[in-house]
Structures are given as structure tokens and as C-alpha cells.
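Engineer: Structure supplied as my_file_38.csv; contents: CSV, C-alpha atoms.
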```csv
chain,number,residue,atom,x,y,z
O,1,GLY,CA,-1.0,-7.3,-19.1
O,2,ALA,CA,-3.4,-9.8,-17.6
O,3,VAL,CA,-6.9,-8.5,-16.9
O,4,VAL,CA,-9.4,-9.5,-14.2
O,5,SER,CA,-12.9,-8.3,-14.7
O,6,GLN,CA,-15.6,-8.1,-12.0
O,7,HIS,CA,-19.3,-7.7,-12.6
O,8,PRO,CA,-21.3,-5.8,-11.5
O,9,SER,CA,-19.3,-2.7,-10.5
O,10,TRP,CA,-22.0,-1.8,-8.1
O,11,VAL,CA,-25.3,-3.2,-6.9
O,12,ILE,CA,-28.0,-2.2,-4.6
O,13,CYS,CA,-30.2,-4.9,-3.1
O,14,LYS,CA,-32.9,-5.3,-0.6
O,15,SER,CA,-32.2,-6.9,2.8
O,16,GLY,CA,-32.8,-10.6,2.7
O,17,THR,CA,-32.1,-11.1,-1.0
O,18,SER,CA,-29.0,-12.7,-2.5
O,19,VAL,CA,-26.5,-11.1,-4.8
O,20,LYS,CA,-24.0,-12.8,-7.1
O,21,ILE,CA,-20.7,-11.2,-8.0
O,22,GLU,CA,-18.6,-12.5,-10.9
O,23,CYS,CA,-14.9,-12.5,-11.3
O,24,ARG,CA,-13.4,-13.4,-14.7
O,25,SER,CA,-9.8,-13.8,-15.8
O,26,LEU,CA,-10.0,-12.5,-19.4
O,27,ASP,CA,-6.8,-13.6,-21.0
O,28,PHE,CA,-5.4,-16.2,-18.7
O,29,GLN,CA,-6.5,-19.2,-16.7
O,30,ALA,CA,-6.7,-19.1,-12.9
O,31,THR,CA,-7.1,-22.3,-10.9
O,32,THR,CA,-7.2,-20.1,-7.8
O,33,MET,CA,-8.8,-16.8,-7.1
O,34,PHE,CA,-9.1,-14.7,-4.0
O,35,TRP,CA,-12.0,-12.8,-2.6
O,36,TYR,CA,-11.5,-9.7,-0.4
O,37,ARG,CA,-13.8,-7.4,1.4
O,38,GLN,CA,-13.1,-3.8,2.2
O,39,PHE,CA,-15.1,-1.6,4.5
O,40,PRO,CA,-14.9,2.2,4.3
O,41,LYS,CA,-11.6,3.6,5.4
O,42,GLN,CA,-10.3,0.2,6.1
O,43,SER,CA,-7.8,-2.1,4.3
O,44,LEU,CA,-8.7,-5.2,2.3
O,45,MET,CA,-9.5,-8.3,4.3
O,46,LEU,CA,-9.1,-11.7,2.6
O,47,MET,CA,-12.3,-13.6,2.8
O,48,ALA,CA,-11.7,-16.8,1.0
O,49,THR,CA,-9.6,-18.7,-1.6
O,50,SER,CA,-11.6,-20.0,-4.5
O,51,ASN,CA,-10.3,-23.2,-6.0
O,52,GLU,CA,-11.3,-24.5,-9.4
O,53,GLY,CA,-13.1,-27.8,-9.2
O,54,SER,CA,-13.1,-28.0,-5.4
O,55,LYS,CA,-14.4,-26.3,-2.3
O,56,ALA,CA,-13.3,-22.8,-1.4
O,57,THR,CA,-11.1,-22.2,1.7
O,58,TYR,CA,-12.5,-19.6,4.0
O,59,GLU,CA,-10.6,-17.3,6.4
O,60,GLN,CA,-11.4,-17.5,10.1
O,61,GLY,CA,-14.6,-15.7,10.9
O,62,VAL,CA,-16.1,-15.8,7.4
O,63,GLU,CA,-19.3,-17.7,7.2
O,64,LYS,CA,-19.1,-20.1,4.3
O,65,ASP,CA,-22.9,-20.6,4.2
O,66,LYS,CA,-23.4,-16.9,3.8
O,67,PHE,CA,-20.7,-16.2,1.3
O,68,LEU,CA,-21.0,-19.0,-1.3
O,69,ILE,CA,-18.1,-19.3,-3.7
O,70,ASN,CA,-18.2,-21.3,-6.9
O,71,HIS,CA,-15.2,-21.7,-9.2
O,72,ALA,CA,-16.7,-23.8,-12.0
O,73,SER,CA,-14.2,-23.0,-14.7
O,74,LEU,CA,-10.6,-21.8,-15.1
O,75,THR,CA,-11.7,-18.3,-15.9
O,76,LEU,CA,-14.7,-17.7,-13.6
O,77,SER,CA,-15.3,-17.5,-9.9
O,78,THR,CA,-18.5,-16.3,-8.3
O,79,LEU,CA,-19.3,-15.0,-4.9
O,80,THR,CA,-22.9,-15.0,-3.8
O,81,VAL,CA,-23.8,-13.1,-0.7
O,82,THR,CA,-26.9,-14.9,0.6
O,83,SER,CA,-29.6,-13.3,2.6
O,84,ALA,CA,-27.8,-10.0,2.5
O,85,HIS,CA,-28.1,-7.5,5.4
O,86,PRO,CA,-27.0,-3.9,5.7
O,87,GLU,CA,-23.9,-4.9,7.5
O,88,ASP,CA,-22.8,-6.8,4.4
O,89,SER,CA,-22.6,-3.6,2.5
O,90,SER,CA,-19.0,-3.3,1.5
O,91,PHE,CA,-16.5,-3.2,-1.4
O,92,TYR,CA,-15.8,-6.7,-2.7
O,93,ILE,CA,-12.7,-7.4,-4.7
O,94,CYS,CA,-11.4,-10.5,-6.4
O,95,SER,CA,-7.9,-11.3,-7.5
O,96,ALA,CA,-6.2,-13.9,-9.6
O,97,PRO,CA,-2.6,-14.9,-9.4
O,98,GLY,CA,-0.1,-14.2,-12.3
O,99,ASP,CA,3.3,-15.6,-12.6
O,100,THR,CA,4.8,-13.1,-10.1
O,101,GLU,CA,2.0,-10.7,-9.1
O,102,ALA,CA,-1.7,-10.7,-8.3
O,103,PHE,CA,-4.2,-9.1,-10.7
O,104,PHE,CA,-7.2,-7.5,-9.2
O,105,GLY,CA,-10.7,-6.9,-10.4
O,106,GLN,CA,-12.1,-3.4,-10.3
O,107,GLY,CA,-14.3,-4.2,-7.3
O,108,THR,CA,-18.0,-4.4,-6.6
O,109,ARG,CA,-19.7,-1.9,-4.4
O,110,LEU,CA,-22.6,-3.7,-2.6
O,111,THR,CA,-25.2,-1.7,-0.8
O,112,VAL,CA,-27.9,-3.5,1.1
O,113,VAL,CA,-30.9,-1.4,1.9
J,1,ASP,CA,3.6,-12.9,5.8
J,2,ALA,CA,6.4,-10.8,7.2
J,3,LYS,CA,5.0,-7.8,9.2
J,4,THR,CA,5.4,-4.5,7.4
J,5,THR,CA,5.1,-1.0,8.9
J,6,GLN,CA,4.3,2.1,6.9
J,7,PRO,CA,3.5,5.7,7.7
J,8,THR,CA,-0.2,6.4,7.7
J,9,SER,CA,0.0,9.3,5.3
J,10,MET,CA,2.3,11.4,3.2
J,11,ASP,CA,2.0,14.5,1.0
J,12,CYS,CA,4.0,15.2,-2.1
J,13,ALA,CA,4.0,18.1,-4.5
J,14,GLU,CA,3.2,17.3,-8.1
J,15,GLY,CA,6.4,16.8,-10.2
J,16,ARG,CA,8.5,15.9,-7.2
J,17,ALA,CA,9.7,12.5,-6.2
J,18,ALA,CA,7.5,10.6,-3.8
J,19,ASN,CA,9.5,8.4,-1.4
J,20,LEU,CA,7.4,5.9,0.5
J,21,PRO,CA,9.2,4.0,3.2
J,22,CYS,CA,8.4,0.5,4.5
J,23,ASN,CA,9.9,-1.4,7.4
J,24,HIS,CA,9.9,-5.2,7.3
J,25,SER,CA,12.5,-6.1,9.9
J,26,THR,CA,11.3,-9.7,10.3
J,27,ILE,CA,11.5,-10.5,6.6
J,28,SER,CA,13.2,-13.8,5.9
J,29,GLY,CA,15.7,-14.5,3.2
J,30,ASN,CA,13.3,-15.8,0.5
J,31,GLU,CA,10.5,-13.4,1.0
J,32,TYR,CA,9.9,-10.8,-1.6
J,33,VAL,CA,8.8,-7.2,-1.0
J,34,TYR,CA,5.8,-6.2,-3.1
J,35,TRP,CA,4.2,-2.8,-3.6
J,36,TYR,CA,0.6,-2.3,-4.7
J,37,ARG,CA,-1.5,0.8,-4.8
J,38,GLN,CA,-5.2,1.4,-4.6
J,39,ILE,CA,-6.8,4.4,-6.1
J,40,HIS,CA,-10.1,5.3,-4.4
J,41,SER,CA,-12.9,2.9,-5.1
J,42,GLN,CA,-10.8,0.7,-7.5
J,43,GLY,CA,-9.1,-2.6,-7.1
J,44,PRO,CA,-5.4,-2.7,-6.1
J,45,GLN,CA,-2.8,-2.3,-8.8
J,46,TYR,CA,0.6,-4.0,-8.8
J,47,ILE,CA,3.5,-1.6,-8.9
J,48,ILE,CA,6.8,-3.5,-8.4
J,49,HIS,CA,8.5,-6.1,-6.4
J,50,GLY,CA,12.0,-7.2,-5.4
J,51,LEU,CA,14.0,-9.6,-3.3
J,52,LYS,CA,17.3,-7.9,-2.5
J,53,ASN,CA,18.4,-5.9,-5.6
J,54,ASN,CA,17.0,-2.5,-6.4
J,55,GLU,CA,14.4,-2.7,-9.1
J,56,THR,CA,13.0,-0.2,-11.6
J,57,ASN,CA,10.1,-0.3,-14.0
J,58,GLU,CA,8.0,2.2,-15.9
J,59,MET,CA,6.0,3.0,-12.8
J,60,ALA,CA,8.5,3.2,-10.0
J,61,SER,CA,11.8,2.3,-8.4
J,62,LEU,CA,12.3,0.0,-5.4
J,63,ILE,CA,15.2,0.5,-3.1
J,64,ILE,CA,15.9,-2.3,-0.6
J,65,THR,CA,18.4,-1.9,2.1
J,66,GLU,CA,21.3,-4.3,2.2
J,67,ASP,CA,20.0,-5.9,5.4
J,68,ARG,CA,16.5,-6.2,3.8
J,69,LYS,CA,14.9,-4.8,6.8
J,70,SER,CA,13.4,-1.8,5.0
J,71,SER,CA,12.6,-0.6,1.5
J,72,THR,CA,11.6,2.6,-0.2
J,73,LEU,CA,9.2,3.0,-3.2
J,74,ILE,CA,10.1,5.9,-5.3
J,75,LEU,CA,7.7,7.6,-7.7
J,76,PRO,CA,10.2,9.8,-9.6
J,77,HIS,CA,7.8,12.5,-10.8
J,78,ALA,CA,4.5,12.3,-8.9
J,79,THR,CA,1.3,13.4,-10.6
J,80,LEU,CA,-2.1,14.0,-9.2
J,81,ARG,CA,-3.1,10.6,-10.6
J,82,ASP,CA,-0.7,9.0,-8.2
J,83,THR,CA,-2.8,9.9,-5.2
J,84,ALA,CA,-3.7,6.5,-3.7
J,85,VAL,CA,-3.1,4.2,-0.8
J,86,TYR,CA,0.2,2.4,-1.2
J,87,TYR,CA,0.7,-1.0,0.3
J,88,CYS,CA,4.0,-2.7,1.1
J,89,ILE,CA,3.5,-6.4,1.4
J,90,SER,CA,5.8,-9.3,2.0
J,91,PRO,CA,3.8,-12.4,1.2
J,92,LEU,CA,4.8,-15.8,2.5
J,93,GLY,CA,5.2,-18.3,-0.2
J,94,GLY,CA,4.8,-16.1,-3.2
J,95,GLY,CA,3.0,-13.1,-4.5
J,96,ASN,CA,-0.6,-14.0,-4.7
J,97,LYS,CA,-2.3,-14.6,-1.4
J,98,LEU,CA,-1.9,-11.1,0.1
J,99,THR,CA,-2.4,-9.7,3.6
J,100,PHE,CA,-2.9,-6.0,3.4
J,101,GLY,CA,-1.9,-3.7,6.1
J,102,THR,CA,-3.2,-0.1,6.5
J,103,GLY,CA,-0.8,1.2,3.8
J,104,THR,CA,0.3,4.8,3.2
J,105,GLN,CA,-2.2,7.3,1.9
J,106,LEU,CA,-0.2,9.4,-0.5
J,107,LYS,CA,-1.7,12.7,-1.5
J,108,VAL,CA,-0.1,14.5,-4.4
J,109,GLU,CA,-1.0,18.2,-4.5
J,110,LEU,CA,-0.4,21.1,-6.9
```
Show me this structure written as C-alpha cells.
Structural biologist:
Amino acid sequence: GAVVSQHPSWVICKSGTSVKIECRSLDFQATTMFWYRQFPKQSLMLMATSNEGSKATYEQGVEKDKFLINHASLTLSTLTVTSAHPEDSSFYICSAPGDTEAFFGQGTRLTVV
Amino acid sequence: DAKTTQPTSMDCAEGRAANLPCNHSTISGNEYVYWYRQIHSQGPQYIIHGLKNNETNEMASLIITEDRKSSTLILPHATLRDTAVYYCISPLGGGNKLTFGTGTQLKVEL
């Protein structure tokens, strides 16, 4: 089946630095990808929709200047957490749509210290 | 998305069938029911989906009531590896932009 790969699987960064997370569709093209965030013991929350060749669409309450999304090709979307702070520590997950179901990456555990 | 309601948690003995219920009483005629699961610290995994007919695949069976107001996901022979949070979702406009509820934490035990 279709595979979506995220990199890195986990990252620890210092407060104030930026972190880039990559989401790749390995064997199919994705004009749209979705980014979710999940805090401990909570469900996934949709952050934004990444659109190839155009601006991302952000959900209400998500700061677009803090969570930069780039979808430069049909197989790659990136999420950059800028000026990360401890409250940004979370599990970030991307997904890409298939014909009938969504395919998810394995997630990226971000810890900001 | 149609609102879905699931029990917070369930336990199941290994080897037994796990039956996970979901209520979606406000579902409209063209909205599918999707099931995903999330094993701890991993991304969600698609299990099965259906519209009004019962469905079966290599992972599970999906039983949808005739009025479509509820459904049940059946794992016929649960194993320890099936311990996960199971999400029942009825996405508006297709199966890709998903709104996750709290899901059901299934714990499969010896």
C-alpha cells in the first residue's frame, strides 16, 4: 500500500531555535497533505492543509507565521516550527490522501528544552 | 463531519473478538464511516470504511445498522498487538481531511 514517511522520528531542540519536519509520499503523488499535532493523552488536532504550489490553509487558532508549511513538490511537504518553545513540544503527524483513505506518517516527536 | 460517539475504553481477552461500537446518529446519506487506529507513539493506520453495507477485509469487519446511526468494528481474534486507540470518523466530503474524536482505547490482555 501507499507509504508516507516522516523525518525525523524525534528531535530535541533548544528554545528559540527552528525545527523542520519533512513528510514524503514515497510511491504516489500528493497535491494535498495534512499536518496534525497531538499532545499527550489527547487526540490528533488538524493544524493545516498543505497545498502543492500554493499557500497552506491553517485551522483556526494555528499561527501561520510560527508553523511554516512548504509544499514544493508533489511528494514533499515540510513543516517548520519557528522559534520553538517548550509549549510546542508535541507529536506532529502528517497525512496524504489516497483514493479512498488517508495515509499517515509515523509521526515526529518534538521536545523543546 | 458527522459527530461520532465512542466509549472511552474497552478491554478484550486475547483470542476473543473485540467489538467496538460507534454512534453517528447525525450521519447523512452520503457520508462514509471510517475506522482508523493509533498504536502508541505511531501515526494512525487505516482499518476499514463503509457506507451502508457491511464490509470485511483482512484486518476487521464493519457492521453498519440499517438506519446508519451506528456501527461496530469487529476484530475477530484480537491479539496483544491490537492494543491501540480506535477512531470512528465520518468525514464530510471524503476520506482525507479527518477530524479525530477521543476514540476508544482498546486494551487486549492475556
Engineer: Show me, as a ChimeraX atom specification, the residues that have an atom within 10 Å of Pro91 of chain J when counting only C-alpha atoms, minus same-chain residues fewer than 3 positions from it.
Structural biologist: /J:1-3,27,31-34,88,94-100
Engineer: Residues of chain O within 7 Å of chain J, counting only C-alpha atoms, what are they? List them as a PyMOL selection string.
Structural biologist: chain O and resi 43-44+93+97+100-102+104-107
Engineer: Could you write those residues out with C-alpha atoms, as a compact mmCIF listing (two decimals), in the frame of the given file?
Structural biologist:
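File written: out39.txt
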```txt
# COMPACT_ATOMS: atom_id res chain seq x y z
CA SER O 43 -7.80 -2.10 4.30
CA LEU O 44 -8.70 -5.20 2.30
CA ILE O 93 -12.70 -7.40 -4.70
CA PRO O 97 -2.60 -14.90 -9.40
CA THR O 100 4.80 -13.10 -10.10
CA GLU O 101 2.00 -10.70 -9.10
CA ALA O 102 -1.70 -10.70 -8.30
CA PHE O 104 -7.20 -7.50 -9.20
CA GLY O 105 -10.70 -6.90 -10.40
CA GLN O 106 -12.10 -3.40 -10.30
CA GLY O 107 -14.30 -4.20 -7.30
```
Engineer: Do a neighbour search on Val3 of chain O at 7 Å with only C-alpha atoms, toss out local chain neighbours closer than 3 positions, and write the hits as number ranges by chain.
Structural biologist: O: 25-27, 103
Engineer: Would you output that residue set with C-alpha atoms, as a short mmCIF file (atom, residue, chain, number, x, y, z; two decimals), in the frame of the given file?
Structural biologist:
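What follows is the written file part-v3.cif:
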```
data_model
loop_
_atom_site.label_atom_id
_atom_site.label_comp_id
_atom_site.auth_asym_id
_atom_site.auth_seq_id
_atom_site.Cartn_x
_atom_site.Cartn_y
_atom_site.Cartn_z
CA SER O 25 -9.80 -13.80 -15.80
CA LEU O 26 -10.00 -12.50 -19.40
CA ASP O 27 -6.80 -13.60 -21.00
CA PHE O 103 -4.20 -9.10 -10.70
#
```
Engineer: Give me the residues within 6 Å of segment 55-71 of chain J as a PyMOL selection string, counting all atoms listed in the file and dropping any in the same chain fewer than 3 places off.
Structural biologist: chain J and resi 21-25+74-75
Engineer: Can you tell me how far atom CA of Ser73 of chain O sits from atom CA of Glu52 of chain O, in Å to one decimal?
Structural biologist: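 Calculated distance between atom CA of Ser73 of chain O and atom CA of Glu52 of chain O is 6.2 Å.
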Engineer: Which one of O:Gln29, O:Thr111, O:Ser18, O:Ser9 sits closest to Phe67 of chain O if you count only C-alpha atoms?
Structural biologist: O:Ser18
Engineer: Using only C-alpha atoms, which residues sit within 9 Å of Val19 of chain O once same-chain residues fewer than 5 positions away are excluded, as an MDAnalysis selection string?
Structural biologist: chainID O and resid 11 13 79:84 110
Engineer: Which residues come within 10 Å of Thr49 of chain O, counting all atoms listed in the file, excluding same-chain residues fewer than 6 positions away, as a ChimeraX atom specification?
Structural biologist: /O:32-36,55-59,69,71,94-96 /J:97
Engineer: So how far away is atom CA of Leu106 of chain J from atom CA of Met10 of chain J, in Å?
Structural biologist: 4.9 Å
Engineer: If I take atom CA of Tyr92 of chain O and atom CA of Cys23 of chain O, how far is one from the other in Å, to one decimal?
Structural biologist: 10.4 Å
Engineer: May I ask which of the residues O:Lys20, O:His85, O:Lys64, O:Lys14 is the closest one to Ser50 of chain O, counting only C-alpha atoms?
Structural biologist: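 Checking each candidate against Ser50 of chain O, we get O:Lys64 as the closest.
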Engineer: Could you add whatever atoms are missing so that segment 94-105 of chain O carries all heavy atoms, then write the result as an mmCIF file, keeping the file's coordinate frame?
Structural biologist:
```cif
data_model
loop_
_atom_site.group_PDB
_atom_site.id
_atom_site.type_symbol
_atom_site.label_atom_id
_atom_site.label_comp_id
_atom_site.auth_asym_id
_atom_site.auth_seq_id
_atom_site.Cartn_x
_atom_site.Cartn_y
_atom_site.Cartn_z
ATOM 1 N N CYS O 94 -11.957 -9.170 -6.124
ATOM 2 C CA CYS O 94 -11.400 -10.500 -6.400
ATOM 3 C C CYS O 94 -9.972 -10.285 -6.989
ATOM 4 O O CYS O 94 -9.637 -9.215 -7.504
ATOM 5 C CB CYS O 94 -12.224 -11.300 -7.317
ATOM 6 S SG CYS O 94 -12.291 -10.688 -9.007
ATOM 7 N N SER O 95 -9.169 -11.325 -6.887
ATOM 8 C CA SER O 95 -7.900 -11.300 -7.500
ATOM 9 C C SER O 95 -7.528 -12.669 -8.069
ATOM 10 O O SER O 95 -8.034 -13.685 -7.577
ATOM 11 C CB SER O 95 -6.765 -10.805 -6.581
ATOM 12 O OG SER O 95 -6.378 -11.832 -5.688
ATOM 13 N N ALA O 96 -6.700 -12.689 -9.067
ATOM 14 C CA ALA O 96 -6.200 -13.900 -9.600
ATOM 15 C C ALA O 96 -4.701 -13.869 -9.734
ATOM 16 O O ALA O 96 -4.152 -12.798 -10.038
ATOM 17 C CB ALA O 96 -6.827 -14.183 -11.005
ATOM 18 N N PRO O 97 -4.028 -14.940 -9.448
ATOM 19 C CA PRO O 97 -2.600 -14.900 -9.400
ATOM 20 C C PRO O 97 -1.968 -14.972 -10.839
ATOM 21 O O PRO O 97 -2.393 -15.748 -11.685
ATOM 22 C CB PRO O 97 -2.181 -16.142 -8.637
ATOM 23 C CG PRO O 97 -3.318 -17.069 -8.795
ATOM 24 C CD PRO O 97 -4.547 -16.233 -8.973
ATOM 25 N N GLY O 98 -0.960 -14.147 -11.058
ATOM 26 C CA GLY O 98 -0.100 -14.200 -12.300
ATOM 27 C C GLY O 98 1.132 -14.981 -11.911
ATOM 28 O O GLY O 98 1.268 -15.555 -10.840
ATOM 29 N N ASP O 99 2.073 -14.938 -12.826
ATOM 30 C CA ASP O 99 3.300 -15.600 -12.600
ATOM 31 C C ASP O 99 4.090 -15.067 -11.399
ATOM 32 O O ASP O 99 4.734 -15.802 -10.640
ATOM 33 C CB ASP O 99 4.222 -15.545 -13.832
ATOM 34 C CG ASP O 99 3.654 -16.360 -14.986
ATOM 35 O OD1 ASP O 99 2.890 -17.312 -14.713
ATOM 36 O OD2 ASP O 99 3.961 -16.033 -16.148
ATOM 37 N N THR O 100 4.029 -13.755 -11.245
ATOM 38 C CA THR O 100 4.800 -13.100 -10.100
ATOM 39 C C THR O 100 3.904 -12.229 -9.284
ATOM 40 O O THR O 100 4.198 -12.058 -8.112
ATOM 41 C CB THR O 100 5.954 -12.302 -10.671
ATOM 42 O OG1 THR O 100 5.473 -11.368 -11.640
ATOM 43 C CG2 THR O 100 7.014 -13.199 -11.280
ATOM 44 N N GLU O 101 2.864 -11.644 -9.861
ATOM 45 C CA GLU O 101 2.000 -10.700 -9.100
ATOM 46 C C GLU O 101 0.582 -11.093 -9.195
ATOM 47 O O GLU O 101 0.200 -11.900 -10.027
ATOM 48 C CB GLU O 101 2.265 -9.277 -9.517
ATOM 49 C CG GLU O 101 1.627 -8.916 -10.841
ATOM 50 C CD GLU O 101 2.555 -9.076 -12.024
ATOM 51 O OE1 GLU O 101 3.453 -9.924 -11.967
ATOM 52 O OE2 GLU O 101 2.357 -8.335 -13.007
ATOM 53 N N ALA O 102 -0.224 -10.480 -8.313
ATOM 54 C CA ALA O 102 -1.700 -10.700 -8.300
ATOM 55 C C ALA O 102 -2.336 -9.637 -9.196
ATOM 56 O O ALA O 102 -1.916 -8.485 -9.226
ATOM 57 C CB ALA O 102 -2.219 -10.653 -6.914
ATOM 58 N N PHE O 103 -3.390 -10.045 -9.885
ATOM 59 C CA PHE O 103 -4.200 -9.100 -10.700
ATOM 60 C C PHE O 103 -5.555 -8.990 -10.052
ATOM 61 O O PHE O 103 -6.195 -9.991 -9.717
ATOM 62 C CB PHE O 103 -4.300 -9.648 -12.125
ATOM 63 C CG PHE O 103 -2.971 -9.777 -12.815
ATOM 64 C CD1 PHE O 103 -2.349 -11.013 -12.892
ATOM 65 C CD2 PHE O 103 -2.340 -8.673 -13.361
ATOM 66 C CE1 PHE O 103 -1.105 -11.146 -13.509
ATOM 67 C CE2 PHE O 103 -1.106 -8.798 -13.980
ATOM 68 C CZ PHE O 103 -0.493 -10.040 -14.042
ATOM 69 N N PHE O 104 -5.985 -7.775 -9.888
ATOM 70 C CA PHE O 104 -7.200 -7.500 -9.200
ATOM 71 C C PHE O 104 -8.330 -7.036 -10.112
ATOM 72 O O PHE O 104 -8.069 -6.341 -11.100
ATOM 73 C CB PHE O 104 -6.992 -6.431 -8.106
ATOM 74 C CG PHE O 104 -6.176 -6.906 -6.945
ATOM 75 C CD1 PHE O 104 -4.792 -6.923 -7.005
ATOM 76 C CD2 PHE O 104 -6.803 -7.360 -5.789
ATOM 77 C CE1 PHE O 104 -4.036 -7.382 -5.931
ATOM 78 C CE2 PHE O 104 -6.042 -7.810 -4.713
ATOM 79 C CZ PHE O 104 -4.668 -7.829 -4.795
ATOM 80 N N GLY O 105 -9.549 -7.429 -9.754
ATOM 81 C CA GLY O 105 -10.700 -6.900 -10.400
ATOM 82 C C GLY O 105 -10.908 -5.423 -9.960
ATOM 83 O O GLY O 105 -10.252 -4.949 -9.027
#
```
